[in-house]
Amino acid sequence: MMALPPIAVAAIAGFILLNGIVGVVTYVTLLERKFAARMQSRIGPYRVGPHGLLQPIADAVKLMLKEDLIPRAADRTVFNLAPVVFLIPCLLIFASMPFAPGLGVADLNIGVLFFLAVSSMEIVGLFMAGWGSNNKYALISAMRAVNQIISYDLPFLFAAMVPVLLAGSMKMSDIAAAQHGLWFVFYPVIGQLAFLAFVVASVAAENRVPFDILEAESELVAGFRVEYSGMKFALIQLGEYAHVLGTSFLTALLFLGAWSGPGPAWLGPVWFLLKAMAIFLLLTWVRWSFVRIRVDQILAISWKMLLPLTLLLVVATAVVVVWRP
Amino acid sequence: MPTDSLPHQPTEPAAPARAVRELDYAGTERLTMNMGPQHPSAHGVFRAVLTLEGETVVGVDAVLGYLHRCHEKLSETLTYVQYPSIASKTDYVAAMTSELAYVMAAERIGAIEIPKRAQYLRVLVAELQRIASHCLWLGTWCMDMGGALGGGATIFLYCIRERELILDLFESLVGARLLYGFHQIGGVRYDVPEGWAAECRRTMDIIESRLAEYEAMLENNDFFLMRTQGVGVISREVAETVGISGPLLRGSGIAYDLRRAYPYSSYEDFTFTVPTHDGCDCFARYRVRMAEFRESIKIVRQVVAGLPEGPISSRPGVKSVVQVRIPKGETYARVEGPRGEVGCYLIADGTPKPYRMKWRGASFSNLAVLPHIIPGHKVADVVAIMGSVDPVFGEVDR
């Protein structure tokens, strides 16, 4: 077999991955809608295709056909660029994610750091959207976004440091391998606390209920994306769900042993996907049962509770790592 | 309240679209933001003009009238037979109570006797309506705080599911689900059909058990408590001076309920308590309404058990819309609606149509408390407070 140049391999892998993500994200929305509907004693999408299975496609087609409105008062360049700037980091986080040993685009030796750094870049797109719309609701939402991202990235980072310390590596495949036998979520005390802190911080980083003060449609109508319509709105939506999906995969990788599971090795990616979906459904469950909290309370939770807790956890983990047999 | 935040009285020519209006007061930047009339949490069409300093609200002004439908003028052109079904539309969430206030006013001027069975049926539908209205309040209030794409929507759909049961009861009683035309001068228009009482008892049992579920879901949730406790405090003094009524007043620790203070339509025959709460905040109002759910269920059970036999109206069947004539006179009749005192001031001149009619909407008077409690809160609290006031804009604008 003729060996392809490395750049071509990377391009092909990236192409497959991107399309895979977009496909999964599209159907994750259906999963969430069905799950939420069941929680609320409804049926959910049912009309398009058997059991509503074609609903996401119908939604995508509808959004593509919608008129693309640009407010006259908007800053056109910033307004048009924002969805793209928002979407890129949301998709880029998958670049360093291996889905099985050796199956991924780039298994960087600073994989976790890359993920965290890139995922917090989405705030640039968010702020551009809020600023460029020239809308008061969007502006307040963008202001809240910056507040929230700054407050929750630190606990997010520190909580992610616990598995990194336990595995002794920032490479994602190393962390997955280190959980062979004992998933980090089952690591006594530290594991569970770090898992909880990580999930809370990731809900906040994803801007989902109860931390969805950016969107806060009962106060700010739709927050930073109030002026967006059609495909630009779809891009923002796609980015948000890609981010949620990426964080679910990261949680599964850091705490739930990634692709380890019973059965032959080729089942690994399936296990990984199932675990990520379990995390996603956990977040969905939280989303559809909590009320939103206020912006000052969100900040208080981060700075007064989550940050000290995760800092302590990192120190405790470091002690454990040094002293463990 | 700076005059600049009254956009319906423009003091300067319209600014070009790109200009950002900065108001320089005491060195801090203020922002005027419209909440409504088209807004997801407006509960209808209400425009609150908020003056913000960052996220904090420093001033609030209300612009009303988006749902004005000339109800009071309309009543002068419609006969006593016709208007009750229009009266439904003032407070369309609690249509039964506004109808009742109107017919009670006319009956009082005409000194018309109401058969006992009709009085009991009036109490029955009024209490069912209170439960249905409170269901909608709880759902929309939680949706204000929790978002249509979050836990609030879950509670909302649960509440709508329960409200549906009561609407089904109304449908089999009246034939309509939202606006009824159930009351008429001299009594009520429809008697309970066969098997209705058993269905009603079953519905009450279901709703009572579901209430415990809501309370468990909300009160065990720290986020819900954080959003409601200590928010929107209406002190006893403010409550007494501003003129609020209903659950708002009782949530500020004042046990005032027209059903107890000035019993009408045989309310004195039933045992119930007037729930109050001393918290004065959104949570207190929530607790009062949750207790009212249970009191209403209690009253409904008593009515169904003790419904006397007899006619449902003291007047013969209506053959013409001008058949009912009320002698000259004027009066004020009031009932305790789900949102507070619903009053109807009626002047009759002996013709089949009233000379003049004036509504006292509970929501309208309750809204007057907003400027006293909103300033100082965050934007997010505005919707929580608005929701706890539970305004229905059909009743505000009329």
# chains A, B, ... in the order shown; residues from 1 in each chain; ligands from 1

call {"tool": "residues_around", "arguments": {"residues": "Arg108 (chain B)", "least_positions_apart": "4", "cutoff": "8 Å", "atoms": "only C-alpha atoms", "output": "list of chain:residue names"}}
result
B:Met104, B:Ile112, B:Thr331, B:Ala333

call {"tool": "select_by_dssp", "arguments": {"residues": "region 70-153 of chain A", "states": "alpha helix (DSSP H)", "output": "PyMOL selection string"}}
result
chain A and resi 76-92+111-119+122-132+136-153

call {"tool": "residues_around", "arguments": {"residues": "Gly52 (chain A)", "least_positions_apart": "5", "cutoff": "10 Å", "atoms": "only C-alpha atoms", "output": "PDB file with N, CA and C atoms, in the first residue's frame"}}
result
ATOM      1  N   LEU A  30     -31.441  15.690  18.970  1.00  0.00           N
ATOM      2  CA  LEU A  30     -32.660  14.864  19.005  1.00  0.00           C
ATOM      3  C   LEU A  30     -32.710  14.066  20.304  1.00  0.00           C
ATOM      4  N   LYS A  34     -35.722  14.335  22.956  1.00  0.00           N
ATOM      5  CA  LYS A  34     -36.512  13.163  23.333  1.00  0.00           C
ATOM      6  C   LYS A  34     -36.437  12.929  24.840  1.00  0.00           C
ATOM      7  N   ILE A  43     -44.014  13.617  24.365  1.00  0.00           N
ATOM      8  CA  ILE A  43     -43.469  12.611  23.465  1.00  0.00           C
ATOM      9  C   ILE A  43     -42.232  13.133  22.760  1.00  0.00           C
ATOM     10  N   GLY A  44     -42.218  14.422  22.458  1.00  0.00           N
ATOM     11  CA  GLY A  44     -41.079  14.983  21.747  1.00  0.00           C
ATOM     12  C   GLY A  44     -41.275  14.872  20.247  1.00  0.00           C
ATOM     13  N   PRO A  45     -40.225  15.169  19.466  1.00  0.00           N
ATOM     14  CA  PRO A  45     -40.373  15.129  18.009  1.00  0.00           C
ATOM     15  C   PRO A  45     -40.849  13.755  17.564  1.00  0.00           C
ATOM     16  N   TYR A  46     -41.865  13.731  16.721  1.00  0.00           N
ATOM     17  CA  TYR A  46     -42.436  12.437  16.348  1.00  0.00           C
ATOM     18  C   TYR A  46     -42.865  12.403  14.891  1.00  0.00           C
ATOM     19  N   ARG A  47     -42.950  13.556  14.261  1.00  0.00           N
ATOM     20  CA  ARG A  47     -43.631  13.624  12.980  1.00  0.00           C
ATOM     21  C   ARG A  47     -42.712  13.352  11.796  1.00  0.00           C
ATOM     22  N   ALA A  58     -34.497  17.894   9.228  1.00  0.00           N
ATOM     23  CA  ALA A  58     -35.517  18.889   8.881  1.00  0.00           C
ATOM     24  C   ALA A  58     -35.168  20.242   9.500  1.00  0.00           C
TER      25      ALA A  58
END

call {"tool": "closest_atom_pairs", "arguments": {"of": "region 200-245 of chain B", "to": "region 202-210 of chain A", "cutoff": "12 Å", "atoms": "only C-alpha atoms", "output": "tab-separated table"}}
result
residue	atom	partner	partner_atom	distance
B:Asn221	CA	A:Pro210	CA	11.4
B:Asp222	CA	A:Pro210	CA	11.3
B:Phe223	CA	A:Pro210	CA	8.2
B:Phe224	CA	A:Pro210	CA	10.2
B:Arg227	CA	A:Pro210	CA	11.4

call {"tool": "closest_atom_pairs", "arguments": {"of": "chain A", "to": "chain B", "cutoff": "6 Å", "atoms": "only C-alpha atoms", "output": "Markdown table"}}
result
| residue | atom | partner | partner_atom | distance |
| --- | --- | --- | --- | --- |
| A:Gln40 | CA | B:Thr154 | CA | 5.3 |
| A:Ala73 | CA | B:Arg18 | CA | 5.5 |
| A:Val209 | CA | B:Gly150 | CA | 5.8 |
| A:Ser218 | CA | B:Ser41 | CA | 4.9 |
| A:Arg287 | CA | B:Gly150 | CA | 5.3 |
| A:Trp288 | CA | B:Gly151 | CA | 4.1 |
| A:Ser289 | CA | B:Gly151 | CA | 3.8 |
| A:Phe290 | CA | B:Gly151 | CA | 4.3 |
| A:Val291 | CA | B:Gly146 | CA | 3.7 |
| A:Arg292 | CA | B:Gly146 | CA | 4.7 |

call {"tool": "atom_distance", "arguments": {"atom1": "CA of Val112 (chain A)", "atom2": "CA of Lys171 (chain A)"}}
result
6.6 Å

call {"tool": "residues_around", "arguments": {"residues": "Leu165 (chain A)", "least_positions_apart": "4", "cutoff": "9 Å", "atoms": "only C-alpha atoms", "output": "count of residues only"}}
result
8

call {"tool": "residues_around", "arguments": {"residues": "Leu91 (chain A)", "least_positions_apart": "2", "cutoff": "9 Å", "atoms": "only C-alpha atoms", "output": "PDB file with C-alpha atoms, in the first residue's frame"}}
result
ATOM      1  CA  LEU A  18     -15.339  17.050  11.495  1.00  0.00           C
ATOM      2  CA  ILE A  21     -18.833  15.480  14.913  1.00  0.00           C
ATOM      3  CA  VAL A  22     -21.364  17.482  12.933  1.00  0.00           C
ATOM      4  CA  LEU A  87     -17.520  27.619  16.057  1.00  0.00           C
ATOM      5  CA  ILE A  88     -13.832  27.021  15.331  1.00  0.00           C
ATOM      6  CA  PRO A  89     -12.638  26.504  18.927  1.00  0.00           C
ATOM      7  CA  ILE A  93     -11.272  20.794  20.905  1.00  0.00           C
ATOM      8  CA  PHE A  94     -11.787  17.423  19.255  1.00  0.00           C
ATOM      9  CA  ALA A  95      -8.388  17.630  17.575  1.00  0.00           C
ATOM     10  CA  SER A 119     -12.316  25.607  24.701  1.00  0.00           C
ATOM     11  CA  GLY A 239     -20.820  25.251  18.270  1.00  0.00           C
ATOM     12  CA  ALA A 242     -20.107  20.542  19.840  1.00  0.00           C
ATOM     13  CA  HIS A 243     -18.673  22.099  22.975  1.00  0.00           C
ATOM     14  CA  GLY A 246     -16.489  17.622  23.518  1.00  0.00           C
TER      15      GLY A 246
END

call {"tool": "residues_around", "arguments": {"residues": "Ser365 (chain B)", "least_positions_apart": "4", "cutoff": "7 Å", "atoms": "only C-alpha atoms", "output": "PyMOL selection string"}}
result
chain B and resi 243-244+361

call {"tool": "residues_around", "arguments": {"residues": "Ala239 (chain B)", "least_positions_apart": "2", "cutoff": "9 Å", "atoms": "only C-alpha atoms", "output": "ChimeraX atom specification"}}
result
/B:234-237,241-245,248-249,252,254,369

call {"tool": "closest_residue", "arguments": {"among": "B:Glu72, B:Asp281, B:Glu268, B:Glu330", "to": "Glu107 (chain B)", "atoms": "only C-alpha atoms"}}
result
B:Glu330

call {"tool": "select_by_dssp", "arguments": {"residues": "region 45-145 of chain B", "states": "strand (DSSP E or B)", "output": "ChimeraX atom specification"}}
result
/B:47-53,56-63

call {"tool": "write_last_selection", "arguments": {"atoms": "C-alpha atoms", "output": "PDB file, in the first residue's frame"}}
result
ATOM      1  CA  ARG B  47     -43.385  47.207  28.929  1.00  0.00           C
ATOM      2  CA  ALA B  48     -41.097  47.782  31.857  1.00  0.00           C
ATOM      3  CA  VAL B  49     -38.526  50.477  31.215  1.00  0.00           C
ATOM      4  CA  LEU B  50     -35.559  49.586  33.360  1.00  0.00           C
ATOM      5  CA  THR B  51     -32.741  51.928  34.207  1.00  0.00           C
ATOM      6  CA  LEU B  52     -29.661  49.837  34.816  1.00  0.00           C
ATOM      7  CA  GLU B  53     -26.322  50.459  36.410  1.00  0.00           C
ATOM      8  CA  THR B  56     -28.463  46.435  38.954  1.00  0.00           C
ATOM      9  CA  VAL B  57     -31.825  48.020  38.359  1.00  0.00           C
ATOM     10  CA  VAL B  58     -31.959  51.548  39.722  1.00  0.00           C
ATOM     11  CA  GLY B  59     -35.300  52.584  38.301  1.00  0.00           C
ATOM     12  CA  VAL B  60     -38.351  51.020  36.785  1.00  0.00           C
ATOM     13  CA  ASP B  61     -41.202  52.571  34.889  1.00  0.00           C
ATOM     14  CA  ALA B  62     -44.219  50.831  33.469  1.00  0.00           C
ATOM     15  CA  VAL B  63     -45.920  51.506  30.163  1.00  0.00           C
TER      16      VAL B  63
END

call {"tool": "closest_residue", "arguments": {"among": "A:Gly132, A:Pro155, A:Gly261, A:Gly223", "to": "Ser302 (chain A)", "atoms": "only C-alpha atoms"}}
result
A:Pro155

call {"tool": "closest_residue", "arguments": {"among": "A:Met97, A:Cys90, A:Ala258, A:Leu313", "to": "Leu193 (chain A)", "atoms": "only C-alpha atoms"}}
result
A:Leu313

call {"tool": "atom_distance", "arguments": {"atom1": "CA of Ile131 (chain B)", "atom2": "CA of Pro308 (chain B)"}}
result
23.0 Å

call {"tool": "decode", "arguments": {"residues": "region 240-289 of chain B", "atoms": "N, CA and C atoms", "output": "mmCIF file, in the first residue's frame"}}
result
data_model
loop_
_atom_site.group_PDB
_atom_site.id
_atom_site.type_symbol
_atom_site.label_atom_id
_atom_site.label_comp_id
_atom_site.auth_asym_id
_atom_site.auth_seq_id
_atom_site.Cartn_x
_atom_site.Cartn_y
_atom_site.Cartn_z
ATOM 1 N N GLU B 240 -49.538 47.692 53.010
ATOM 2 C CA GLU B 240 -50.757 48.344 53.473
ATOM 3 C C GLU B 240 -51.027 49.648 52.732
ATOM 4 N N THR B 241 -49.960 50.357 52.338
ATOM 5 C CA THR B 241 -50.179 51.669 51.735
ATOM 6 C C THR B 241 -50.406 51.595 50.231
ATOM 7 N N VAL B 242 -49.796 50.654 49.541
ATOM 8 C CA VAL B 242 -49.830 50.669 48.083
ATOM 9 C C VAL B 242 -51.165 50.177 47.530
ATOM 10 N N GLY B 243 -51.846 49.327 48.285
ATOM 11 C CA GLY B 243 -53.152 48.887 47.810
ATOM 12 C C GLY B 243 -53.125 47.559 47.095
ATOM 13 N N ILE B 244 -52.163 46.720 47.424
ATOM 14 C CA ILE B 244 -52.136 45.386 46.833
ATOM 15 C C ILE B 244 -53.137 44.501 47.556
ATOM 16 N N SER B 245 -53.482 43.410 46.916
ATOM 17 C CA SER B 245 -54.451 42.514 47.532
ATOM 18 C C SER B 245 -54.093 41.083 47.149
ATOM 19 N N GLY B 246 -54.853 40.167 47.692
ATOM 20 C CA GLY B 246 -54.665 38.766 47.337
ATOM 21 C C GLY B 246 -53.406 38.170 47.933
ATOM 22 N N PRO B 247 -52.824 37.190 47.239
ATOM 23 C CA PRO B 247 -51.669 36.484 47.794
ATOM 24 C C PRO B 247 -50.493 37.401 48.099
ATOM 25 N N LEU B 248 -50.380 38.527 47.395
ATOM 26 C CA LEU B 248 -49.286 39.459 47.682
ATOM 27 C C LEU B 248 -49.415 40.015 49.093
ATOM 28 N N LEU B 249 -50.657 40.413 49.407
ATOM 29 C CA LEU B 249 -50.916 40.993 50.725
ATOM 30 C C LEU B 249 -50.715 39.930 51.803
ATOM 31 N N ARG B 250 -51.231 38.744 51.534
ATOM 32 C CA ARG B 250 -51.122 37.678 52.537
ATOM 33 C C ARG B 250 -49.685 37.192 52.656
ATOM 34 N N GLY B 251 -48.899 37.332 51.575
ATOM 35 C CA GLY B 251 -47.478 36.981 51.657
ATOM 36 C C GLY B 251 -46.699 37.978 52.483
ATOM 37 N N SER B 252 -47.293 39.140 52.772
ATOM 38 C CA SER B 252 -46.652 40.106 53.651
ATOM 39 C C SER B 252 -47.235 40.036 55.048
ATOM 40 N N GLY B 253 -47.888 38.956 55.358
ATOM 41 C CA GLY B 253 -48.318 38.708 56.729
ATOM 42 C C GLY B 253 -49.641 39.331 57.112
ATOM 43 N N ILE B 254 -50.415 39.835 56.142
ATOM 44 C CA ILE B 254 -51.699 40.453 56.473
ATOM 45 C C ILE B 254 -52.808 39.487 56.069
ATOM 46 N N ALA B 255 -53.564 39.008 57.064
ATOM 47 C CA ALA B 255 -54.585 37.993 56.788
ATOM 48 C C ALA B 255 -55.856 38.680 56.334
ATOM 49 N N TYR B 256 -55.880 39.105 55.071
ATOM 50 C CA TYR B 256 -57.062 39.777 54.549
ATOM 51 C C TYR B 256 -57.529 39.017 53.322
ATOM 52 N N ASP B 257 -58.737 38.509 53.399
ATOM 53 C CA ASP B 257 -59.299 37.738 52.300
ATOM 54 C C ASP B 257 -60.778 38.071 52.258
ATOM 55 N N LEU B 258 -61.251 38.534 51.102
ATOM 56 C CA LEU B 258 -62.657 38.949 50.999
ATOM 57 C C LEU B 258 -63.604 37.801 51.310
ATOM 58 N N ARG B 259 -63.198 36.591 51.019
ATOM 59 C CA ARG B 259 -64.076 35.445 51.281
ATOM 60 C C ARG B 259 -64.334 35.311 52.773
ATOM 61 N N ARG B 260 -63.352 35.786 53.577
ATOM 62 C CA ARG B 260 -63.503 35.722 55.018
ATOM 63 C C ARG B 260 -63.991 37.056 55.575
ATOM 64 N N ALA B 261 -63.456 38.159 55.052
ATOM 65 C CA ALA B 261 -63.783 39.466 55.600
ATOM 66 C C ALA B 261 -65.206 39.891 55.246
ATOM 67 N N TYR B 262 -65.593 39.719 53.983
ATOM 68 C CA TYR B 262 -66.951 40.085 53.553
ATOM 69 C C TYR B 262 -67.520 38.926 52.752
ATOM 70 N N PRO B 263 -67.986 37.877 53.430
ATOM 71 C CA PRO B 263 -68.371 36.668 52.686
ATOM 72 C C PRO B 263 -69.479 36.965 51.681
ATOM 73 N N TYR B 264 -69.358 36.368 50.515
ATOM 74 C CA TYR B 264 -70.367 36.497 49.477
ATOM 75 C C TYR B 264 -70.664 35.096 48.977
ATOM 76 N N SER B 265 -71.765 34.925 48.317
ATOM 77 C CA SER B 265 -72.098 33.664 47.672
ATOM 78 C C SER B 265 -71.923 32.464 48.615
ATOM 79 N N SER B 266 -72.357 32.627 49.871
ATOM 80 C CA SER B 266 -72.357 31.527 50.854
ATOM 81 C C SER B 266 -70.970 31.039 51.241
ATOM 82 N N TYR B 267 -69.941 31.870 51.135
ATOM 83 C CA TYR B 267 -68.617 31.409 51.569
ATOM 84 C C TYR B 267 -68.590 31.122 53.064
ATOM 85 N N GLU B 268 -69.562 31.758 53.804
ATOM 86 C CA GLU B 268 -69.562 31.553 55.246
ATOM 87 C C GLU B 268 -69.931 30.112 55.612
ATOM 88 N N ASP B 269 -70.473 29.338 54.653
ATOM 89 C CA ASP B 269 -70.855 27.953 54.949
ATOM 90 C C ASP B 269 -69.670 26.997 54.980
ATOM 91 N N PHE B 270 -68.538 27.434 54.498
ATOM 92 C CA PHE B 270 -67.419 26.500 54.330
ATOM 93 C C PHE B 270 -66.298 26.827 55.304
ATOM 94 N N THR B 271 -65.599 25.775 55.721
ATOM 95 C CA THR B 271 -64.464 26.008 56.609
ATOM 96 C C THR B 271 -63.188 26.016 55.780
ATOM 97 N N PHE B 272 -62.439 27.056 55.939
ATOM 98 C CA PHE B 272 -61.124 27.145 55.287
ATOM 99 C C PHE B 272 -60.304 28.160 56.057
ATOM 100 N N THR B 273 -59.014 28.089 55.924
ATOM 101 C CA THR B 273 -58.162 29.063 56.591
ATOM 102 C C THR B 273 -57.631 30.034 55.549
ATOM 103 N N VAL B 274 -57.257 31.202 56.021
ATOM 104 C CA VAL B 274 -56.642 32.200 55.147
ATOM 105 C C VAL B 274 -55.141 32.112 55.371
ATOM 106 N N PRO B 275 -54.406 31.495 54.441
ATOM 107 C CA PRO B 275 -52.976 31.303 54.683
ATOM 108 C C PRO B 275 -52.216 32.626 54.596
ATOM 109 N N THR B 276 -51.311 32.820 55.517
ATOM 110 C CA THR B 276 -50.427 33.988 55.436
ATOM 111 C C THR B 276 -48.995 33.526 55.653
ATOM 112 N N HIS B 277 -48.066 34.407 55.322
ATOM 113 C CA HIS B 277 -46.654 34.105 55.520
ATOM 114 C C HIS B 277 -45.968 35.415 55.864
ATOM 115 N N ASP B 278 -45.040 35.362 56.787
ATOM 116 C CA ASP B 278 -44.394 36.590 57.237
ATOM 117 C C ASP B 278 -43.104 36.907 56.492
ATOM 118 N N GLY B 279 -42.776 36.076 55.516
ATOM 119 C CA GLY B 279 -41.493 36.268 54.827
ATOM 120 C C GLY B 279 -41.454 37.515 53.979
ATOM 121 N N CYS B 280 -42.594 37.949 53.446
ATOM 122 C CA CYS B 280 -42.715 39.147 52.612
ATOM 123 C C CYS B 280 -41.978 39.051 51.271
ATOM 124 N N ASP B 281 -41.263 37.966 51.002
ATOM 125 C CA ASP B 281 -40.484 37.875 49.765
ATOM 126 C C ASP B 281 -41.189 36.972 48.746
ATOM 127 N N CYS B 282 -40.514 36.707 47.644
ATOM 128 C CA CYS B 282 -41.115 35.871 46.600
ATOM 129 C C CYS B 282 -41.447 34.492 47.148
ATOM 130 N N PHE B 283 -40.582 33.988 48.000
ATOM 131 C CA PHE B 283 -40.815 32.656 48.547
ATOM 132 C C PHE B 283 -42.078 32.645 49.414
ATOM 133 N N ALA B 284 -42.295 33.726 50.164
ATOM 134 C CA ALA B 284 -43.496 33.803 51.010
ATOM 135 C C ALA B 284 -44.750 33.772 50.148
ATOM 136 N N ARG B 285 -44.706 34.504 49.032
ATOM 137 C CA ARG B 285 -45.879 34.521 48.152
ATOM 138 C C ARG B 285 -46.096 33.149 47.525
ATOM 139 N N TYR B 286 -44.976 32.495 47.228
ATOM 140 C CA TYR B 286 -45.085 31.124 46.710
ATOM 141 C C TYR B 286 -45.740 30.219 47.745
ATOM 142 N N ARG B 287 -45.311 30.330 49.003
ATOM 143 C CA ARG B 287 -45.872 29.472 50.051
ATOM 144 C C ARG B 287 -47.365 29.760 50.238
ATOM 145 N N VAL B 288 -47.733 31.045 50.197
ATOM 146 C CA VAL B 288 -49.153 31.399 50.372
ATOM 147 C C VAL B 288 -49.976 30.754 49.267
ATOM 148 N N ARG B 289 -49.484 30.841 48.030
ATOM 149 C CA ARG B 289 -50.272 30.290 46.929
ATOM 150 C C ARG B 289 -50.331 28.769 47.012
#
